[in-house]
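Structure file query26.txt (compact mmCIF, C-alpha atoms) is printed below.
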# COMPACT_ATOMS: atom_id res chain seq x y z
CA MET A 1 -14.11 9.70 4.65
CA ASP A 2 -16.93 11.52 2.85
CA TYR A 3 -16.03 11.07 -0.82
CA THR A 4 -18.26 9.56 -3.48
CA GLN A 5 -17.10 6.43 -5.34
CA VAL A 6 -16.52 8.60 -8.42
CA GLN A 7 -14.30 11.01 -6.46
CA ILE A 8 -12.24 8.17 -4.99
CA TRP A 9 -11.66 6.56 -8.40
CA ALA A 10 -10.95 9.94 -9.99
CA LEU A 11 -8.30 10.59 -7.33
CA ILE A 12 -6.65 7.18 -7.80
CA VAL A 13 -6.54 7.55 -11.58
CA MET A 14 -5.40 11.20 -11.54
CA ILE A 15 -2.64 10.55 -8.98
CA GLY A 16 -1.55 7.59 -11.14
CA LEU A 17 -1.51 9.61 -14.37
CA GLY A 18 0.15 12.63 -12.73
CA THR A 19 2.84 10.47 -11.16
CA PHE A 20 3.50 8.78 -14.50
CA ALA A 21 3.80 12.19 -16.15
CA LEU A 22 6.43 13.22 -13.57
CA ARG A 23 8.36 9.96 -14.04
CA PHE A 24 8.16 10.03 -17.83
CA SER A 25 8.81 13.79 -18.18
CA PHE A 26 12.49 14.02 -19.01
CA LEU A 27 12.98 10.38 -19.92
CA GLY A 28 10.23 10.44 -22.49
CA LEU A 29 9.36 13.80 -23.89
CA VAL A 30 12.22 16.13 -23.14
CA GLY A 31 14.70 13.44 -24.16
CA ARG A 32 18.30 14.40 -23.64
CA ARG A 33 17.70 18.03 -22.66
CA LYS A 34 19.03 18.81 -19.19
CA LEU A 35 17.12 20.49 -16.38
CA PRO A 36 18.62 23.82 -15.31
CA ASP A 37 20.81 23.55 -12.21
CA TRP A 38 18.59 25.80 -10.11
CA ALA A 39 15.62 23.49 -10.72
CA LEU A 40 17.58 20.35 -9.78
CA GLN A 41 18.86 22.11 -6.69
CA HIS A 42 15.29 22.76 -5.50
CA LEU A 43 13.84 19.41 -6.60
CA ARG A 44 16.49 17.61 -4.55
CA TYR A 45 14.73 18.79 -1.38
CA THR A 46 11.16 17.78 -2.25
CA PRO A 47 11.00 14.69 0.00
CA VAL A 48 12.41 16.48 3.07
CA ALA A 49 10.26 19.53 2.31
CA VAL A 50 6.94 17.66 2.05
CA ILE A 51 7.09 14.62 4.38
CA PRO A 52 7.94 16.39 7.70
CA GLY A 53 5.17 18.97 7.27
CA LEU A 54 2.68 16.31 6.27
CA MET A 55 3.42 14.30 9.43
CA ALA A 56 3.88 17.15 11.93
CA PRO A 57 0.20 17.56 12.90
CA GLN A 58 -0.25 13.78 13.34
CA ILE A 59 2.86 13.59 15.52
CA PHE A 60 2.32 16.66 17.68
CA PHE A 61 -1.50 16.79 17.76
CA PRO A 62 -2.73 13.25 16.92
CA PRO A 63 -6.42 13.20 15.90
CA ALA A 64 -6.76 9.71 17.46
CA ASN A 65 -6.01 11.41 20.80
CA GLY A 66 -8.59 14.17 20.24
CA GLY A 67 -5.89 16.52 18.88
CA GLU A 68 -4.12 16.57 22.26
CA THR A 69 -0.34 16.02 22.42
CA ASP A 70 0.33 12.45 23.48
CA PRO A 71 3.67 11.68 25.20
CA GLY A 72 3.54 8.04 24.05
CA ARG A 73 3.26 9.02 20.38
CA LEU A 74 5.94 11.71 20.75
CA LEU A 75 8.27 9.15 22.32
CA ALA A 76 7.55 6.58 19.60
CA ALA A 77 8.22 9.19 16.90
CA SER A 78 11.52 10.21 18.54
CA VAL A 79 12.65 6.59 18.83
CA THR A 80 11.78 5.94 15.16
CA LEU A 81 13.75 8.98 14.01
CA ALA A 82 16.73 8.22 16.26
CA VAL A 83 16.96 4.57 15.17
CA GLY A 84 16.51 5.60 11.52
CA LEU A 85 19.31 8.15 11.80
CA TYR A 86 21.57 5.68 13.54
CA VAL A 87 21.07 2.44 11.57
CA LYS A 88 19.75 3.90 8.26
CA ASN A 89 17.49 0.88 7.83
CA PRO A 90 13.76 1.75 7.72
CA ILE A 91 12.67 -1.69 8.90
CA TRP A 92 14.49 -1.42 12.24
CA ALA A 93 13.24 2.12 12.69
CA ILE A 94 9.62 1.07 12.05
CA LEU A 95 9.92 -1.90 14.42
CA ALA A 96 11.53 0.24 17.14
CA GLY A 97 8.84 2.94 16.84
CA ALA A 98 5.91 0.53 16.74
CA GLY A 99 7.41 -1.45 19.65
CA THR A 100 7.82 1.70 21.73
CA LEU A 101 4.21 2.79 21.20
CA THR A 102 2.80 -0.69 21.84
CA LEU A 103 4.82 -0.95 25.06
CA TRP A 104 3.71 2.52 26.14
CA MET A 105 0.04 1.72 25.50
CA ALA A 106 0.37 -1.53 27.44
CA MET A 107 2.00 0.14 30.45
CA VAL A 108 0.49 3.64 30.57
CA GLY A 109 -2.68 3.11 28.53
CA MET B 1 48.28 -2.63 -21.13
CA ARG B 2 45.50 -3.91 -23.38
CA GLN B 3 42.00 -2.74 -22.56
CA GLU B 4 39.48 -5.58 -22.80
CA PRO B 5 36.20 -4.35 -24.25
CA THR B 6 33.60 -4.47 -21.45
CA GLU B 7 30.50 -5.77 -23.21
CA LEU B 8 27.86 -6.65 -20.66
CA THR B 9 24.98 -8.49 -22.36
CA PRO B 10 21.46 -7.28 -21.49
CA ALA B 11 20.60 -10.74 -20.13
CA ARG B 12 23.52 -10.64 -17.69
CA ALA B 13 22.78 -7.03 -16.79
CA PHE B 14 19.17 -8.03 -16.02
CA ARG B 15 20.34 -10.82 -13.69
CA GLN B 16 22.79 -8.48 -11.96
CA GLY B 17 19.96 -5.99 -11.52
CA ILE B 18 17.76 -8.61 -9.86
CA ALA B 19 20.55 -9.46 -7.40
CA ALA B 20 21.04 -5.76 -6.59
CA GLY B 21 17.31 -5.15 -6.08
CA ALA B 22 16.58 -8.29 -4.04
CA PRO B 23 17.42 -6.86 -0.56
CA PHE B 24 14.75 -4.17 -1.01
CA THR B 25 12.01 -6.79 -0.74
CA LEU B 26 12.57 -6.49 3.03
CA VAL B 27 11.54 -2.83 2.92
CA VAL B 28 8.76 -3.09 0.35
CA THR B 29 6.79 -5.93 1.96
CA PRO B 30 6.01 -4.33 5.34
CA PHE B 31 5.52 -0.91 3.73
CA GLY B 32 3.00 -2.30 1.24
CA MET B 33 1.15 -4.09 4.04
CA VAL B 34 0.98 -0.89 6.09
CA PHE B 35 -0.56 0.88 3.10
CA GLY B 36 -3.08 -1.92 2.60
CA VAL B 37 -4.13 -1.87 6.26
CA VAL B 38 -4.27 1.94 6.52
CA ALA B 39 -6.17 2.43 3.24
CA THR B 40 -8.89 -0.12 4.03
CA ASP B 41 -9.02 1.19 7.61
CA ALA B 42 -9.66 4.67 6.16
CA GLY B 43 -12.59 3.31 4.16
CA LEU B 44 -11.26 2.25 0.74
CA SER B 45 -12.40 -1.11 -0.67
CA VAL B 46 -9.88 -3.88 -1.34
CA LEU B 47 -10.15 -3.24 -5.10
CA GLU B 48 -9.60 0.52 -4.67
CA THR B 49 -6.61 -0.11 -2.38
CA LEU B 50 -4.98 -2.55 -4.80
CA SER B 51 -5.68 -0.28 -7.79
CA PHE B 52 -3.96 2.55 -5.93
CA SER B 53 -0.78 0.48 -5.59
CA VAL B 54 -0.89 -0.76 -9.20
CA LEU B 55 -1.52 2.66 -10.77
CA VAL B 56 0.73 4.77 -8.55
CA ILE B 57 3.54 2.51 -7.13
CA ALA B 58 4.73 5.23 -4.75
CA GLY B 59 4.18 4.42 -1.08
CA ALA B 60 4.87 7.86 0.35
CA ALA B 61 2.47 9.60 -2.05
CA GLN B 62 -0.19 6.94 -1.53
CA LEU B 63 0.00 7.25 2.26
CA ALA B 64 -0.03 11.05 1.98
CA ALA B 65 -3.20 10.87 -0.13
CA ILE B 66 -4.91 8.51 2.36
CA GLN B 67 -3.91 10.77 5.25
CA LEU B 68 -5.55 13.80 3.62
CA MET B 69 -8.57 11.75 2.54
CA THR B 70 -9.24 10.76 6.15
CA GLU B 71 -9.23 14.51 6.90
CA ASN B 72 -11.73 15.02 4.03
CA ALA B 73 -9.45 17.51 2.29
CA PRO B 74 -10.71 18.80 -1.09
CA VAL B 75 -9.96 16.46 -4.02
CA LEU B 76 -7.66 19.00 -5.68
CA VAL B 77 -5.58 19.39 -2.49
CA VAL B 78 -5.22 15.60 -2.12
CA LEU B 79 -4.09 15.39 -5.76
CA LEU B 80 -1.62 18.28 -5.51
CA THR B 81 -0.09 17.02 -2.26
CA ALA B 82 0.37 13.47 -3.58
CA LEU B 83 2.01 14.85 -6.71
CA ALA B 84 4.18 17.20 -4.62
CA VAL B 85 5.48 14.17 -2.71
CA ASN B 86 6.33 12.64 -6.11
CA LEU B 87 8.04 15.71 -7.57
CA ARG B 88 11.36 14.03 -6.87
CA MET B 89 10.47 11.57 -9.66
CA ALA B 90 10.92 14.38 -12.20
CA MET B 91 14.42 14.81 -10.80
CA TYR B 92 15.11 11.08 -11.13
CA SER B 93 13.76 11.21 -14.67
CA ALA B 94 16.07 14.08 -15.54
CA SER B 95 19.12 12.31 -14.17
CA LEU B 96 18.30 9.01 -15.96
CA ALA B 97 17.69 10.73 -19.32
CA PRO B 98 21.38 10.98 -20.34
CA HIS B 99 21.77 7.21 -19.72
CA LEU B 100 18.48 5.82 -21.03
CA GLY B 101 17.35 8.58 -23.40
CA ALA B 102 18.38 6.55 -26.47
CA ALA B 103 16.36 3.43 -25.47
CA PRO B 104 13.15 2.62 -27.42
CA LEU B 105 10.13 4.64 -26.32
CA TRP B 106 8.25 1.65 -24.88
CA LYS B 107 11.24 0.75 -22.69
CA ARG B 108 11.53 4.30 -21.44
CA ALA B 109 7.79 4.27 -20.67
CA LEU B 110 8.24 0.99 -18.77
CA VAL B 111 11.17 2.40 -16.76
CA ALA B 112 9.03 5.48 -16.02
CA TYR B 113 6.06 3.41 -14.79
CA LEU B 114 8.41 1.34 -12.61
CA MET B 115 10.41 4.29 -11.26
CA VAL B 116 10.81 3.77 -7.50
CA ASP B 117 13.38 5.21 -5.11
CA GLN B 118 15.31 2.00 -4.44
CA ALA B 119 15.65 0.86 -8.06
CA TYR B 120 16.54 4.37 -9.18
CA ALA B 121 19.28 4.72 -6.56
CA THR B 122 20.70 1.27 -7.38
CA ALA B 123 20.75 1.79 -11.14
CA PHE B 124 21.97 5.38 -11.10
CA THR B 125 24.93 4.45 -8.88
CA ARG B 126 25.90 1.73 -11.37
CA TYR B 127 25.60 4.12 -14.36
CA GLU B 128 27.86 6.63 -12.63
CA LEU B 129 30.47 3.93 -12.02
CA GLU B 130 30.27 2.43 -15.52
CA PRO B 131 29.00 5.09 -17.94
CA GLN B 132 30.40 3.11 -20.90
CA LEU B 133 27.75 0.35 -20.55
CA SER B 134 25.45 0.02 -23.58
CA VAL B 135 21.99 1.58 -23.43
CA ALA B 136 20.46 -1.91 -23.73
CA ALA B 137 22.52 -3.15 -20.74
CA LYS B 138 21.63 -0.08 -18.67
CA THR B 139 17.92 -0.51 -19.41
CA ALA B 140 18.06 -4.23 -18.63
CA TYR B 141 19.89 -3.52 -15.36
CA TYR B 142 17.17 -1.06 -14.31
CA LEU B 143 14.35 -3.45 -15.17
CA GLY B 144 16.19 -6.22 -13.31
CA ALA B 145 16.58 -4.09 -10.19
CA VAL B 146 12.86 -3.31 -10.08
CA THR B 147 11.72 -6.90 -10.81
CA PRO B 148 11.96 -8.18 -7.19
CA ILE B 149 10.27 -4.99 -5.95
CA PHE B 150 7.06 -4.17 -7.82
CA PRO B 151 5.20 -7.54 -7.82
CA LEU B 152 5.76 -7.67 -4.04
CA TRP B 153 4.40 -4.15 -3.72
CA TYR B 154 1.10 -5.29 -5.27
CA LEU B 155 1.02 -8.51 -3.26
CA ALA B 156 1.88 -6.87 0.08
CA THR B 157 -0.82 -4.22 -0.51
CA LEU B 158 -3.38 -6.95 -1.21
CA ILE B 159 -2.42 -8.90 1.92
CA GLY B 160 -2.57 -5.71 4.02
CA ALA B 161 -5.97 -4.83 2.55
CA LEU B 162 -7.34 -8.32 3.24
CA ILE B 163 -6.11 -8.50 6.86
CA GLY B 164 -6.94 -4.82 7.46
CA ASN B 165 -10.27 -5.58 9.12
CA ALA B 166 -8.66 -8.26 11.26
CA VAL B 167 -6.46 -5.71 13.07
CA PRO B 168 -7.79 -5.34 16.64
CA PRO B 169 -9.42 -1.92 17.18
CA GLY B 170 -7.30 -1.14 20.29
CA LEU B 171 -4.05 -0.95 18.29
CA PRO B 172 -2.83 2.58 17.48
CA ILE B 173 -2.92 1.93 13.72
CA ASP B 174 -3.26 5.69 13.12
CA PHE B 175 0.40 6.01 14.03
CA ALA B 176 1.66 3.43 11.51
CA VAL B 177 1.80 6.19 8.90
CA PRO B 178 3.92 8.74 10.84
CA ILE B 179 6.27 5.96 11.97
CA THR B 180 6.71 4.67 8.41
CA PHE B 181 7.30 8.18 7.09
CA LEU B 182 9.84 9.00 9.82
CA ALA B 183 11.70 5.78 9.03
CA ILE B 184 11.87 6.76 5.33
CA LEU B 185 12.83 10.32 6.21
CA ALA B 186 15.74 9.63 8.57
CA PRO B 187 18.27 8.43 5.95
CA LEU B 188 17.40 11.45 3.77
CA LEU B 189 18.60 13.90 6.45
CA ARG B 190 22.19 13.70 5.25
CA SER B 191 23.27 17.36 5.21
CA LEU B 192 22.64 20.63 7.06
CA ALA B 193 20.53 21.78 4.10
CA HIS B 194 18.29 18.68 4.32
CA VAL B 195 17.83 19.06 8.10
CA ALA B 196 17.03 22.76 7.75
CA ALA B 197 14.49 22.07 4.98
CA ALA B 198 12.79 19.46 7.19
CA LEU B 199 12.62 21.86 10.15
CA VAL B 200 11.17 24.68 8.00
CA SER B 201 8.60 22.22 6.65
CA VAL B 202 7.44 21.29 10.17
CA VAL B 203 7.43 24.80 11.66
CA ALA B 204 5.80 26.45 8.63
CA THR B 205 3.08 23.78 8.29
CA LEU B 206 2.13 24.16 11.98
CA ALA B 207 2.30 27.97 11.76
CA LEU B 208 0.17 28.03 8.59
CA ALA B 209 -2.42 25.57 9.94
CA PHE B 210 -5.00 28.40 9.78
CA LEU B 211 -4.94 28.35 5.95
CA PRO B 212 -7.95 26.52 4.46
CA TYR B 213 -7.86 23.23 2.45
CA ASN B 214 -4.53 22.05 3.95
CA LEU B 215 -2.82 24.63 1.73
CA GLY B 216 -0.37 25.40 4.55
CA LEU B 217 1.53 22.21 3.74
CA LEU B 218 2.07 23.16 0.10
CA VAL B 219 3.26 26.68 1.02
CA ALA B 220 5.54 25.22 3.71
CA ALA B 221 7.00 22.71 1.21
CA VAL B 222 7.89 25.49 -1.25
CA LEU B 223 9.52 27.52 1.57
CA ALA B 224 11.46 24.44 2.73
CA MET B 225 12.76 23.71 -0.78
CA ILE B 226 13.95 27.31 -1.13
CA VAL B 227 15.71 27.16 2.26
CA GLY B 228 17.37 23.84 1.37
CA ALA B 229 18.65 25.14 -1.99
CA ARG B 230 19.83 28.43 -0.42
CA ILE B 231 21.81 26.67 2.30
CA GLU B 232 23.33 24.29 -0.24
CA ARG B 233 24.54 27.26 -2.31
CA TRP B 234 25.81 29.06 0.79
CA ARG B 235 27.77 25.98 1.92
CA ALA B 236 29.26 25.55 -1.54
CA ARG B 237 30.44 29.19 -1.53
CA GLN B 238 31.95 28.68 1.93
CA ALA B 239 33.83 25.60 0.77
CA GLU B 240 35.23 27.58 -2.17
CA THR B 241 36.55 30.49 -0.13
CA ARG B 242 38.24 28.17 2.35
This entry written out as structure tokens:
Amino acid sequence: MDYTQVQIWALIVMIGLGTFALRFSFLGLVGRRKLPDWALQHLRYTPVAVIPGLMAPQIFFPPANGGETDPGRLLAASVTLAVGLYVKNPIWAILAGAGTLTLWMAMVG
Amino acid sequence: MRQEPTELTPARAFRQGIAAGAPFTLVVTPFGMVFGVVATDAGLSVLETLSFSVLVIAGAAQLAAIQLMTENAPVLVVLLTALAVNLRMAMYSASLAPHLGAAPLWKRALVAYLMVDQAYATAFTRYELEPQLSVAAKTAYYLGAVTPIFPLWYLATLIGALIGNAVPPGLPIDFAVPITFLAILAPLLRSLAHVAAALVSVVATLALAFLPYNLGLLVAAVLAMIVGARIERWRARQAETR
């Protein structure tokens, strides 16, 4: 990480303020006015639109493996997703994924 | 039949909120620790890591920011991506406004600062079931639901940050973030539109990897939101004609 102290603190504070602005937006300033339906319809998809893309490079081309596809990490990711879809409880999904990767590293290296 | 007036006192509503929010401590604790470990591992100090959790209280956005910071993305891109992950908060805010809009400003500000997925989902479900509850009871219920969650978020972050350096170097800690994100993502994939949006997000980000400053992700996210909304509208039209 090549940021200066000032840049790191600026980022923390700006992400904090920006996030508060998003949370406070309608509750605080817009009051009882409603968002238009088309906006709500798009906003509903923000988590599924951002998170998969953010994680895709790390899952398919992990930097810790020199950017090469790693079958162990792919398997761990698949197990996490499958368990998450099946039991809907993030804790079990995290444990299953972490367990799979740890086991893989121990056996295959 | 006589209708008894349902007057839930704020104090009772607060206690009910605490009971409803309590199970989420099981999710928040490990997630906060993962953030603490990953952030210090990436090079943040313990104070910076804890400040992040206190000022932002949004695990997904915090981890997204750390991820991009380890890639040395430009400051503006880190900021925009973290805020993009939190755009859903504006949606939560909009849907809470009809219920809490009449509460005093400082209470609305407090609810806004403490707006997290689990507490929002818990409280909003209750408001939908019992819209006649007083504004004071609704506010108290929200603040109750978030009370078991946010102090643990700070504490778990601090513990993660302090033990961060004690994690053996051989462990694939780099993969804690994707695993945590996938675990959060899975329950959100509840319709064809959500699955399609997720697939577009992955394919477009990888295809646009040539764009500078990690901008491919932001473009891909916009495309994915459009696809999700389009499919939702298309499915609704189909259901109507049937």
Open item on the list: Counting all atoms listed in the file, I want the residues whose atoms come within 10 Å of (-2.8, 8.0, 31.7) in the file frame, returned as a list in words.
Closed with: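 It turns out the residues near that spot are Asp70, Pro71, Gly72, Met105, Met107, Val108 and Gly109 of chain A.
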Would you output that residue set with C-alpha atoms, as a PDB file, keeping the file's coordinate frame?
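Output below, filename again31.pdb:
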ATOM      1  CA  ASP A  70       0.330  12.450  23.480  1.00  0.00           C
ATOM      2  CA  PRO A  71       3.670  11.680  25.200  1.00  0.00           C
ATOM      3  CA  GLY A  72       3.540   8.040  24.050  1.00  0.00           C
ATOM      4  CA  MET A 105       0.040   1.720  25.500  1.00  0.00           C
ATOM      5  CA  MET A 107       2.000   0.140  30.450  1.00  0.00           C
ATOM      6  CA  VAL A 108       0.490   3.640  30.570  1.00  0.00           C
ATOM      7  CA  GLY A 109      -2.680   3.110  28.530  1.00  0.00           C
TER       8      GLY A 109
END
TODO: Just the residues within 10 Å of range 94-96 of chain A, please, counting all atoms listed in the file, with nothing from its chain fewer than 2 positions along; format it as a list in words.
DONE: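 So, after excluding close chain neighbours, the residues are Ala76, Ala77, Val79, Thr80, Leu81, Ala82, Val83, Gly84, Asn89, Pro90, Ile91, Trp92, Ala98, Gly99, Thr100, Leu101 and Thr102 of chain A; Pro30, Phe31, Ala176, Val177, Pro178, Ile179, Thr180, Phe181, Leu182, Ala183 and Ile184 of chain B.
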Task: Long-range neighbours of range 3-6 of chain A as an MDAnalysis selection string, 9 Å cut-off, all atoms listed in the file, 6 positions minimum in chain - done: chainID B and resid 69 72 75
Task: Ref. answer, residues at most 12 Å from (-9.7, 18.2, -1.1) with all atoms listed in the file, as a PyMOL selection string - done: (chain A and resi 1-3+7-8+11) or (chain B and resi 65-82+212-215)
- [ ] Go ahead and compute the interatomic distance for CA of Leu43 in chain A and CA of Gly18 in chain A, in Å to one decimal.
- [x]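 Value for the CA of Leu43 in chain A-CA of Gly18 in chain A distance: 16.5 Å.
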- [ ] Tell me, in Å to one decimal, how far CA of Leu185 in chain B is from CA of Phe35 in chain B.
- [x]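 Separation of CA of Leu185 in chain B and CA of Phe35 in chain B: 16.7 Å.
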Surrounding residues of Tyr45 in chain A excluding itself and chain neighbours under 5 positions, 7 Å, all atoms listed in the file, as a JSON list (two decimals) with C-alpha atoms, in the coordinates of the input:
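So result_9.json came out as:
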[["chain", "number", "residue", "atom", "x", "y", "z"],
["B", 194, "HIS", "CA", 18.29, 18.68, 4.32],
["B", 225, "MET", "CA", 12.76, 23.71, -0.78],
["B", 228, "GLY", "CA", 17.37, 23.84, 1.37]]
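A straight line drawn from CA of Pro23 in chain B to CA of Leu96 in chain B is 22.1 Å long.
Residues with any atom within 10 Å of Trp9 in chain A, counting only C-alpha atoms and excluding same-chain neighbours fewer than 5 positions away, are Tyr3, Thr4, Met14 and Ile15 of chain A; Glu48, Ser51 and Phe52 of chain B.
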List every residue of range 6-108 of chain A that has an atom at most 9 Å from any atom of range 100-115 of chain B, giving for each one its closest atom pair and the distance in Å to one decimal, counting only C-alpha atoms, sorted by chain and then by ascending residue number, as CSV.
residue,atom,partner,partner_atom,distance
A:Thr19,CA,B:Tyr113,CA,8.6
A:Phe20,CA,B:Tyr113,CA,6.0
A:Ala21,CA,B:Ala112,CA,8.5
A:Leu22,CA,B:Ala112,CA,8.5
A:Arg23,CA,B:Ala112,CA,4.9
A:Phe24,CA,B:Ala112,CA,5.0
A:Ser25,CA,B:Ala112,CA,8.6
A:Phe26,CA,B:Gly101,CA,8.5
A:Leu27,CA,B:Gly101,CA,5.9
A:Gly28,CA,B:Arg108,CA,6.4
A:Gly31,CA,B:Gly101,CA,5.6
A:Arg32,CA,B:Gly101,CA,5.9
Task: Selection: 12 Å around Ile231 in chain B, all atoms listed in the file, excl. self and same-chain fewer than 3 positions, as a ChimeraX atom specification - done: /A:41-42,45 /B:191-197,224-228,234-238
Task: Of the listed residues B:Ala121, B:Val38, B:Ile18, B:Ala94, that which approaches chain A most closely, counting all atoms listed in the file - done: B:Ala94
Task: Of the listed residues B:Ser134, B:Thr157, B:Asn86, B:Thr40, that which approaches chain A most closely, counting all atoms listed in the file - done: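 The shortest atom-to-atom distance to chain A comes from B:Asn86.
Shortest separation to chain A among B:Leu218, B:Val202, B:Leu155, B:Val167 occurs at residue B:Val202, atoms counted being all atoms listed in the file.
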Can I get the residues of range 140-206 of chain B within 10 Å of range 122-132 of chain B, each with the closest pair of atoms and their distance in Å to one decimal, using all atoms listed in the file, sorted chain first then ascending number, as a tab-separated table?
residue	atom	partner	partner_atom	distance
B:Ala140	CA	B:Ala123	CA	10.0
B:Tyr141	CA	B:Ala123	CA	6.8
B:Tyr142	CA	B:Ala123	CA	5.6
B:Leu143	CA	B:Ala123	CA	9.2
B:Gly144	CA	B:Ala123	CA	9.5
B:Ala145	CA	B:Ala123	CA	7.3
B:Val146	CA	B:Ala123	CA	9.5
Task: Minimum-distance residue to Arg73 in chain A, chosen among A:Leu17, A:Ile59, A:Val48, A:Leu85 (using only C-alpha atoms) - done: A:Ile59
When you get a chance, write out N, CA and C atoms for range 190-211 of chain B, as a PDB file, in the coordinates of the input.
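Saved the output as out_29.pdb:
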ATOM      1  N   ARG B 190      20.750  13.969   5.299  1.00  0.00           N
ATOM      2  CA  ARG B 190      22.190  13.700   5.250  1.00  0.00           C
ATOM      3  C   ARG B 190      23.045  14.953   5.175  1.00  0.00           C
ATOM      4  N   SER B 191      22.458  16.141   5.197  1.00  0.00           N
ATOM      5  CA  SER B 191      23.270  17.360   5.210  1.00  0.00           C
ATOM      6  C   SER B 191      22.535  18.429   6.003  1.00  0.00           C
ATOM      7  N   LEU B 192      23.252  19.507   6.342  1.00  0.00           N
ATOM      8  CA  LEU B 192      22.640  20.630   7.060  1.00  0.00           C
ATOM      9  C   LEU B 192      21.455  21.160   6.267  1.00  0.00           C
ATOM     10  N   ALA B 193      21.602  21.246   4.939  1.00  0.00           N
ATOM     11  CA  ALA B 193      20.530  21.780   4.100  1.00  0.00           C
ATOM     12  C   ALA B 193      19.272  20.914   4.197  1.00  0.00           C
ATOM     13  N   HIS B 194      19.443  19.578   4.214  1.00  0.00           N
ATOM     14  CA  HIS B 194      18.290  18.680   4.320  1.00  0.00           C
ATOM     15  C   HIS B 194      17.597  18.830   5.679  1.00  0.00           C
ATOM     16  N   VAL B 195      18.409  18.912   6.760  1.00  0.00           N
ATOM     17  CA  VAL B 195      17.830  19.060   8.100  1.00  0.00           C
ATOM     18  C   VAL B 195      17.076  20.375   8.213  1.00  0.00           C
ATOM     19  N   ALA B 196      17.673  21.454   7.681  1.00  0.00           N
ATOM     20  CA  ALA B 196      17.030  22.760   7.750  1.00  0.00           C
ATOM     21  C   ALA B 196      15.711  22.753   6.969  1.00  0.00           C
ATOM     22  N   ALA B 197      15.709  22.140   5.780  1.00  0.00           N
ATOM     23  CA  ALA B 197      14.490  22.070   4.980  1.00  0.00           C
ATOM     24  C   ALA B 197      13.396  21.329   5.745  1.00  0.00           C
ATOM     25  N   ALA B 198      13.763  20.234   6.419  1.00  0.00           N
ATOM     26  CA  ALA B 198      12.790  19.460   7.190  1.00  0.00           C
ATOM     27  C   ALA B 198      12.213  20.289   8.337  1.00  0.00           C
ATOM     28  N   LEU B 199      13.085  21.050   9.032  1.00  0.00           N
ATOM     29  CA  LEU B 199      12.620  21.860  10.150  1.00  0.00           C
ATOM     30  C   LEU B 199      11.672  22.972   9.667  1.00  0.00           C
ATOM     31  N   VAL B 200      12.038  23.629   8.561  1.00  0.00           N
ATOM     32  CA  VAL B 200      11.170  24.680   8.000  1.00  0.00           C
ATOM     33  C   VAL B 200       9.817  24.084   7.632  1.00  0.00           C
ATOM     34  N   SER B 201       9.838  22.887   7.044  1.00  0.00           N
ATOM     35  CA  SER B 201       8.600  22.220   6.650  1.00  0.00           C
ATOM     36  C   SER B 201       7.675  22.012   7.849  1.00  0.00           C
ATOM     37  N   VAL B 202       8.242  21.544   8.971  1.00  0.00           N
ATOM     38  CA  VAL B 202       7.440  21.290  10.170  1.00  0.00           C
ATOM     39  C   VAL B 202       6.903  22.600  10.750  1.00  0.00           C
ATOM     40  N   VAL B 203       7.813  23.555  10.990  1.00  0.00           N
ATOM     41  CA  VAL B 203       7.430  24.800  11.660  1.00  0.00           C
ATOM     42  C   VAL B 203       6.415  25.572  10.801  1.00  0.00           C
ATOM     43  N   ALA B 204       6.691  25.678   9.487  1.00  0.00           N
ATOM     44  CA  ALA B 204       5.800  26.450   8.630  1.00  0.00           C
ATOM     45  C   ALA B 204       4.430  25.793   8.489  1.00  0.00           C
ATOM     46  N   THR B 205       4.392  24.448   8.396  1.00  0.00           N
ATOM     47  CA  THR B 205       3.080  23.780   8.290  1.00  0.00           C
ATOM     48  C   THR B 205       2.248  24.042   9.538  1.00  0.00           C
ATOM     49  N   LEU B 206       2.874  23.937  10.730  1.00  0.00           N
ATOM     50  CA  LEU B 206       2.130  24.160  11.980  1.00  0.00           C
ATOM     51  C   LEU B 206       1.710  25.626  12.078  1.00  0.00           C
ATOM     52  N   ALA B 207       2.609  26.545  11.666  1.00  0.00           N
ATOM     53  CA  ALA B 207       2.300  27.970  11.760  1.00  0.00           C
ATOM     54  C   ALA B 207       1.209  28.369  10.766  1.00  0.00           C
ATOM     55  N   LEU B 208       1.126  27.678   9.633  1.00  0.00           N
ATOM     56  CA  LEU B 208       0.170  28.030   8.590  1.00  0.00           C
ATOM     57  C   LEU B 208      -1.087  27.161   8.646  1.00  0.00           C
ATOM     58  N   ALA B 209      -1.286  26.487   9.812  1.00  0.00           N
ATOM     59  CA  ALA B 209      -2.420  25.570   9.940  1.00  0.00           C
ATOM     60  C   ALA B 209      -3.754  26.296   9.761  1.00  0.00           C
ATOM     61  N   PHE B 210      -3.748  27.646   9.904  1.00  0.00           N
ATOM     62  CA  PHE B 210      -5.000  28.400   9.780  1.00  0.00           C
ATOM     63  C   PHE B 210      -5.462  28.498   8.326  1.00  0.00           C
ATOM     64  N   LEU B 211      -4.545  28.266   7.359  1.00  0.00           N
ATOM     65  CA  LEU B 211      -4.940  28.350   5.950  1.00  0.00           C
ATOM     66  C   LEU B 211      -5.935  27.247   5.621  1.00  0.00           C
TER      67      LEU B 211
END
